[in-house]
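> Pasting a structure here, questions to come.
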Amino acid sequence: MTQKNNRLSTSSIGRHSELLAMAALIADGWVVHETTTPEAHDLLAIKQGNTKRIQVKTIKLREKENTPYYVIRGLKNNGQVYDLSDCDAFIGVVGEHVYLTENRAISEYWCKTDEVSKKWRQLPLKISENA
């Protein structure tokens with residue numbers, strides 16, 4: 001597949017986010033599975049008997065009243081929100097940062113950039129030496 005310009009396609013950006021999400025989950029001690037058939041979730045992750053169906057999204061940076069926010073889109077391609085029958089959690093990826101937040105069945109998940117580590121759980125990309 002060739003690119004017409006230096007910009008990555010949205011599918012390449014999305015796949016990059018999925019790969020970073022998988023790496024972060026593995027570094028955090030999860031066993032990660034990708035779906036073979038089309039599902040509403042991208043990944044199935046298991047850790048110590050806890051199973052999560054996860055939808056991966058690339059985080060968008062938005063500004064509201066001169067305050068920067070990270071936003072995870074909670075809508076499927078058909079415009080419907082991801083409900084709890086679709087996925088249990090979202091992973092949002094921005095740059096080299098990977099965040100996990102529970103699915104609350106809303107259209108967008110907003111978080112001030114300076115409060116993100118308090119509101120969403122940051123997952124490590126690096127495997128700790130204690131692993």
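A note on labels: chains of the structure tokens are A, B, ... as shown, every chain counts residues from 1, and ligands are counted from 1 in their shown order.
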Skip Arg53 (chain A) itself and residues of its chain fewer than 6 positions away, then list as a compact mmCIF listing (two decimals) with N, CA and C atoms, in the first residue's frame all residues within 8 Å of it, counting only C-alpha atoms.

```
# COMPACT_ATOMS: atom_id res chain seq x y z
N HIS A 41 -15.73 -4.37 20.12
CA HIS A 41 -14.49 -4.09 20.84
C HIS A 41 -13.30 -4.52 19.98
N ASP A 42 -12.14 -3.89 20.25
CA ASP A 42 -10.93 -4.20 19.49
C ASP A 42 -10.10 -5.30 20.15
N LEU A 43 -10.07 -5.28 21.49
CA LEU A 43 -9.21 -6.19 22.22
C LEU A 43 -9.96 -6.86 23.35
N LEU A 44 -9.50 -8.04 23.71
CA LEU A 44 -9.97 -8.74 24.90
C LEU A 44 -8.73 -8.89 25.78
N ALA A 45 -8.80 -8.39 27.00
CA ALA A 45 -7.65 -8.42 27.90
C ALA A 45 -8.03 -9.15 29.18
N ASP A 86 -21.25 -3.67 24.31
CA ASP A 86 -20.22 -3.54 23.28
C ASP A 86 -18.80 -3.68 23.85
N CYS A 87 -18.54 -2.95 24.93
CA CYS A 87 -17.20 -2.97 25.52
C CYS A 87 -17.29 -2.52 26.98
N ASP A 88 -16.29 -2.93 27.74
CA ASP A 88 -16.23 -2.59 29.17
C ASP A 88 -15.43 -1.33 29.42
N ALA A 89 -14.47 -1.05 28.54
CA ALA A 89 -13.56 0.07 28.77
C ALA A 89 -13.04 0.61 27.45
```
> With a distance cut-off of 8 Å and only C-alpha atoms, select the neighbouring residues of Tyr82 (chain A), excluding the residue or stretch itself and same-chain residues fewer than 5 positions from it, and output the selection as a ChimeraX atom specification.
/A:40,74-76,87,103,105-107
> Find the residues near Ile46 (chain A): any atom within 10 Å, counting only C-alpha atoms, skip ones fewer than 4 places away on the same chain, and give them as a list of chain:residue names.
A:Leu25, A:Ile26, A:Gly29, A:Trp30, A:Val31, A:Val32, A:His33, A:Asn50, A:Thr51, A:Lys52, A:Arg53
> Quick one: residues within 9 Å of His97 (chain A), only C-alpha atoms, excluding same-chain residues fewer than 2 positions away - as a short mmCIF file (atom, residue, chain, number, x, y, z; two decimals) with N, CA and C atoms, in the first residue's frame?

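Result saved to result.cif:
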```
data_model
loop_
_atom_site.label_atom_id
_atom_site.label_comp_id
_atom_site.auth_asym_id
_atom_site.auth_seq_id
_atom_site.Cartn_x
_atom_site.Cartn_y
_atom_site.Cartn_z
N LEU A 20 0.02 0.27 20.30
CA LEU A 20 0.49 0.86 21.56
C LEU A 20 -0.36 0.39 22.74
N GLY A 92 -7.48 5.14 25.40
CA GLY A 92 -7.18 6.29 24.58
C GLY A 92 -5.68 6.45 24.45
N VAL A 93 -5.22 6.75 23.24
CA VAL A 93 -3.79 6.89 22.98
C VAL A 93 -3.53 8.28 22.42
N VAL A 94 -2.55 8.97 23.03
CA VAL A 94 -2.12 10.26 22.52
C VAL A 94 -0.59 10.29 22.63
N GLY A 95 0.08 10.47 21.49
CA GLY A 95 1.53 10.42 21.50
C GLY A 95 2.01 9.08 22.02
N TYR A 99 -4.03 5.59 28.03
CA TYR A 99 -4.91 5.75 29.19
C TYR A 99 -6.09 4.79 29.10
N GLN A 122 -3.23 5.72 33.61
CA GLN A 122 -2.18 5.63 32.60
C GLN A 122 -1.54 4.26 32.66
N LEU A 123 -1.42 3.62 31.50
CA LEU A 123 -0.79 2.32 31.40
C LEU A 123 0.66 2.49 30.97
N PRO A 124 1.56 1.67 31.50
CA PRO A 124 2.97 1.81 31.13
C PRO A 124 3.24 1.22 29.75
N LEU A 125 4.17 1.79 29.04
CA LEU A 125 4.63 1.19 27.79
C LEU A 125 5.87 0.35 28.03
#
```
> Out of A:Glu102, A:Ala24, A:Gly79, A:Gly49, which residue has the shortest atom-to-atom distance to Ser128 (chain A) when counting only C-alpha atoms?
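The closest residue to Ser128 (chain A) is A:Ala24.
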> Just asking: which residues within chain A are strand (DSSP E) according to DSSP, as a CSV table (one decimal) with N, CA and C atoms, in the first residue's frame?

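Result file follows (part.csv):
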```
chain,number,residue,atom,x,y,z
A,31,VAL,N,-3.0,-10.4,29.6
A,31,VAL,CA,-2.9,-11.2,28.4
A,31,VAL,C,-3.9,-10.6,27.4
A,32,VAL,N,-3.4,-10.4,26.2
A,32,VAL,CA,-4.2,-9.6,25.2
A,32,VAL,C,-4.5,-10.5,24.0
A,33,HIS,N,-5.8,-10.4,23.6
A,33,HIS,CA,-6.3,-11.1,22.4
A,33,HIS,C,-6.9,-10.1,21.4
A,34,GLU,N,-6.7,-10.2,20.1
A,34,GLU,CA,-7.4,-9.4,19.1
A,34,GLU,C,-8.5,-10.2,18.6
A,43,LEU,N,-10.1,-5.3,21.5
A,43,LEU,CA,-9.2,-6.2,22.2
A,43,LEU,C,-10.0,-6.9,23.4
A,44,LEU,N,-9.5,-8.0,23.7
A,44,LEU,CA,-10.0,-8.7,24.9
A,44,LEU,C,-8.7,-8.9,25.8
A,45,ALA,N,-8.8,-8.4,27.0
A,45,ALA,CA,-7.6,-8.4,27.9
A,45,ALA,C,-8.0,-9.2,29.2
A,46,ILE,N,-7.1,-10.0,29.7
A,46,ILE,CA,-7.4,-10.8,30.9
A,46,ILE,C,-6.2,-10.6,31.8
A,47,LYS,N,-6.5,-10.4,33.1
A,47,LYS,CA,-5.5,-10.3,34.1
A,47,LYS,C,-6.1,-10.7,35.4
A,50,ASN,N,-9.7,-11.3,35.7
A,50,ASN,CA,-10.6,-10.1,35.3
A,50,ASN,C,-10.5,-10.0,33.8
A,51,THR,N,-11.6,-10.0,33.1
A,51,THR,CA,-11.7,-9.9,31.6
A,51,THR,C,-12.3,-8.6,31.3
A,52,LYS,N,-11.6,-7.9,30.3
A,52,LYS,CA,-12.2,-6.6,29.8
A,52,LYS,C,-12.2,-6.6,28.3
A,53,ARG,N,-13.4,-6.2,27.7
A,53,ARG,CA,-13.5,-6.0,26.3
A,53,ARG,C,-13.2,-4.5,26.1
A,54,ILE,N,-12.2,-4.2,25.3
A,54,ILE,CA,-11.6,-2.9,25.2
A,54,ILE,C,-11.8,-2.3,23.8
A,55,GLN,N,-12.3,-1.1,23.7
A,55,GLN,CA,-12.3,-0.3,22.4
A,55,GLN,C,-11.1,0.7,22.5
A,56,VAL,N,-10.3,0.7,21.5
A,56,VAL,CA,-9.1,1.6,21.4
A,56,VAL,C,-9.5,2.8,20.5
A,57,LYS,N,-9.1,4.0,21.0
A,57,LYS,CA,-9.4,5.2,20.3
A,57,LYS,C,-8.1,6.1,20.4
A,58,THR,N,-7.9,6.8,19.3
A,58,THR,CA,-6.9,7.8,19.3
A,58,THR,C,-7.5,9.1,20.0
A,60,LYS,N,-8.1,12.9,20.9
A,60,LYS,CA,-8.1,14.2,20.2
A,60,LYS,C,-7.8,15.2,21.2
A,61,LEU,N,-7.1,16.3,20.9
A,61,LEU,CA,-6.8,17.4,21.8
A,61,LEU,C,-7.8,18.5,21.3
A,62,ARG,N,-8.6,19.0,22.3
A,62,ARG,CA,-9.6,20.0,22.0
A,62,ARG,C,-9.4,21.1,23.1
A,63,GLU,N,-9.9,22.3,22.8
A,63,GLU,CA,-9.8,23.4,23.7
A,63,GLU,C,-11.2,23.9,24.0
A,64,LYS,N,-11.5,24.2,25.2
A,64,LYS,CA,-12.8,24.8,25.6
A,64,LYS,C,-12.5,25.8,26.7
A,67,THR,N,-9.0,26.2,27.8
A,67,THR,CA,-8.4,25.1,28.6
A,67,THR,C,-8.3,23.9,27.7
A,68,PRO,N,-7.1,23.2,27.6
A,68,PRO,CA,-6.9,22.1,26.8
A,68,PRO,C,-7.5,20.8,27.4
A,69,TYR,N,-8.2,20.0,26.6
A,69,TYR,CA,-8.8,18.8,27.0
A,69,TYR,C,-8.3,17.6,26.1
A,70,TYR,N,-8.2,16.4,26.7
A,70,TYR,CA,-8.1,15.2,25.9
A,70,TYR,C,-9.6,14.7,25.7
A,71,VAL,N,-9.9,14.2,24.5
A,71,VAL,CA,-11.2,13.7,24.3
A,71,VAL,C,-11.1,12.3,23.6
A,72,ILE,N,-11.8,11.3,24.2
A,72,ILE,CA,-12.0,10.0,23.6
A,72,ILE,C,-13.4,10.0,23.0
A,73,ARG,N,-13.5,9.6,21.8
A,73,ARG,CA,-14.8,9.5,21.1
A,73,ARG,C,-15.5,8.2,21.5
A,89,ALA,N,-14.5,-1.0,28.5
A,89,ALA,CA,-13.6,0.1,28.8
A,89,ALA,C,-13.0,0.6,27.5
A,90,PHE,N,-12.5,1.8,27.5
A,90,PHE,CA,-11.8,2.4,26.4
A,90,PHE,C,-10.3,2.6,26.8
A,91,ILE,N,-9.5,2.4,25.8
A,91,ILE,CA,-8.1,2.9,25.9
A,91,ILE,C,-8.0,4.0,24.9
A,92,GLY,N,-7.5,5.1,25.4
A,92,GLY,CA,-7.2,6.3,24.6
A,92,GLY,C,-5.7,6.5,24.5
A,93,VAL,N,-5.2,6.8,23.2
A,93,VAL,CA,-3.8,6.9,23.0
A,93,VAL,C,-3.5,8.3,22.4
A,94,VAL,N,-2.6,9.0,23.0
A,94,VAL,CA,-2.1,10.3,22.5
A,94,VAL,C,-0.6,10.3,22.6
A,97,HIS,N,1.5,8.2,25.2
A,97,HIS,CA,0.7,8.0,26.4
A,97,HIS,C,-0.6,7.1,26.1
A,98,VAL,N,-0.8,6.2,27.0
A,98,VAL,CA,-1.9,5.2,26.9
A,98,VAL,C,-2.7,5.3,28.2
A,99,TYR,N,-4.0,5.6,28.0
A,99,TYR,CA,-4.9,5.8,29.2
A,99,TYR,C,-6.1,4.8,29.1
A,100,LEU,N,-6.5,4.3,30.2
A,100,LEU,CA,-7.6,3.4,30.3
A,100,LEU,C,-8.7,4.0,31.1
A,101,THR,N,-9.9,4.0,30.6
A,101,THR,CA,-11.1,4.5,31.3
A,101,THR,C,-12.3,3.6,31.1
A,102,GLU,N,-13.1,3.5,32.1
A,102,GLU,CA,-14.3,2.6,32.0
A,102,GLU,C,-15.3,3.1,31.0
A,108,GLU,N,-18.7,11.2,24.3
A,108,GLU,CA,-17.4,11.7,24.4
A,108,GLU,C,-16.9,11.7,25.9
A,109,TYR,N,-15.6,11.4,26.1
A,109,TYR,CA,-15.0,11.4,27.4
A,109,TYR,C,-14.0,12.5,27.4
A,110,TRP,N,-14.3,13.6,28.1
A,110,TRP,CA,-13.5,14.7,28.2
A,110,TRP,C,-12.7,14.7,29.5
A,111,CYS,N,-11.4,15.1,29.4
A,111,CYS,CA,-10.6,15.2,30.6
A,111,CYS,C,-9.6,16.4,30.4
A,112,LYS,N,-9.4,17.3,31.3
A,112,LYS,CA,-8.4,18.3,31.2
A,112,LYS,C,-7.1,17.7,31.2
A,121,ARG,N,-6.6,6.0,34.1
A,121,ARG,CA,-5.4,5.3,34.5
A,121,ARG,C,-4.4,5.2,33.4
A,122,GLN,N,-3.2,5.7,33.6
A,122,GLN,CA,-2.2,5.6,32.6
A,122,GLN,C,-1.5,4.3,32.7
A,123,LEU,N,-1.4,3.6,31.5
A,123,LEU,CA,-0.8,2.3,31.4
A,123,LEU,C,0.7,2.5,31.0
```
> Can you list, as an mmCIF file with C-alpha atoms, in the first residue's frame, every residue of chain A that DSSP puts in helix (DSSP H, G or I)?

```
data_model
loop_
_atom_site.group_PDB
_atom_site.id
_atom_site.type_symbol
_atom_site.label_atom_id
_atom_site.label_comp_id
_atom_site.auth_asym_id
_atom_site.auth_seq_id
_atom_site.Cartn_x
_atom_site.Cartn_y
_atom_site.Cartn_z
ATOM 1 C CA THR A 10 -6.726 7.231 9.564
ATOM 2 C CA SER A 11 -6.538 3.431 9.445
ATOM 3 C CA SER A 12 -2.738 3.579 9.954
ATOM 4 C CA ILE A 13 -3.143 5.979 12.872
ATOM 5 C CA GLY A 14 -5.829 3.741 14.384
ATOM 6 C CA ARG A 15 -3.688 0.634 13.990
ATOM 7 C CA HIS A 16 -0.747 2.421 15.626
ATOM 8 C CA SER A 17 -2.989 3.258 18.605
ATOM 9 C CA GLU A 18 -4.106 -0.386 18.830
ATOM 10 C CA LEU A 19 -0.495 -1.609 18.831
ATOM 11 C CA LEU A 20 0.495 0.861 21.558
ATOM 12 C CA ALA A 21 -2.565 -0.194 23.575
ATOM 13 C CA MET A 22 -1.586 -3.867 23.266
ATOM 14 C CA ALA A 23 2.007 -3.117 24.295
ATOM 15 C CA ALA A 24 0.822 -1.120 27.314
ATOM 16 C CA LEU A 25 -1.613 -3.827 28.424
ATOM 17 C CA ILE A 26 1.095 -6.479 28.140
ATOM 18 C CA ALA A 27 3.541 -4.278 30.102
ATOM 19 C CA THR A 113 -4.907 17.562 30.107
ATOM 20 C CA ASP A 114 -3.467 18.555 33.486
ATOM 21 C CA GLU A 115 -5.879 16.216 35.334
ATOM 22 C CA VAL A 116 -5.628 13.165 33.069
ATOM 23 C CA SER A 117 -3.513 11.050 35.439
ATOM 24 C CA LYS A 118 -6.098 11.612 38.194
ATOM 25 C CA LYS A 119 -9.171 10.756 36.082
#
```
> Hey, can you check how far CA of Glu129 (chain A) sits from CA of Ile59 (chain A)?
28.6 Å
> For CA of Gln80 (chain A) and CA of Pro38 (chain A), determine how far apart the two atoms are, in Å to one decimal place.
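We find that CA of Gln80 (chain A) and CA of Pro38 (chain A) lie 16.5 Å from each other.
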> Just to confirm, what's the straight-line distance from CA of Gln48 (chain A) to CA of Asp83 (chain A) in Å (one decimal)?
24.4 Å
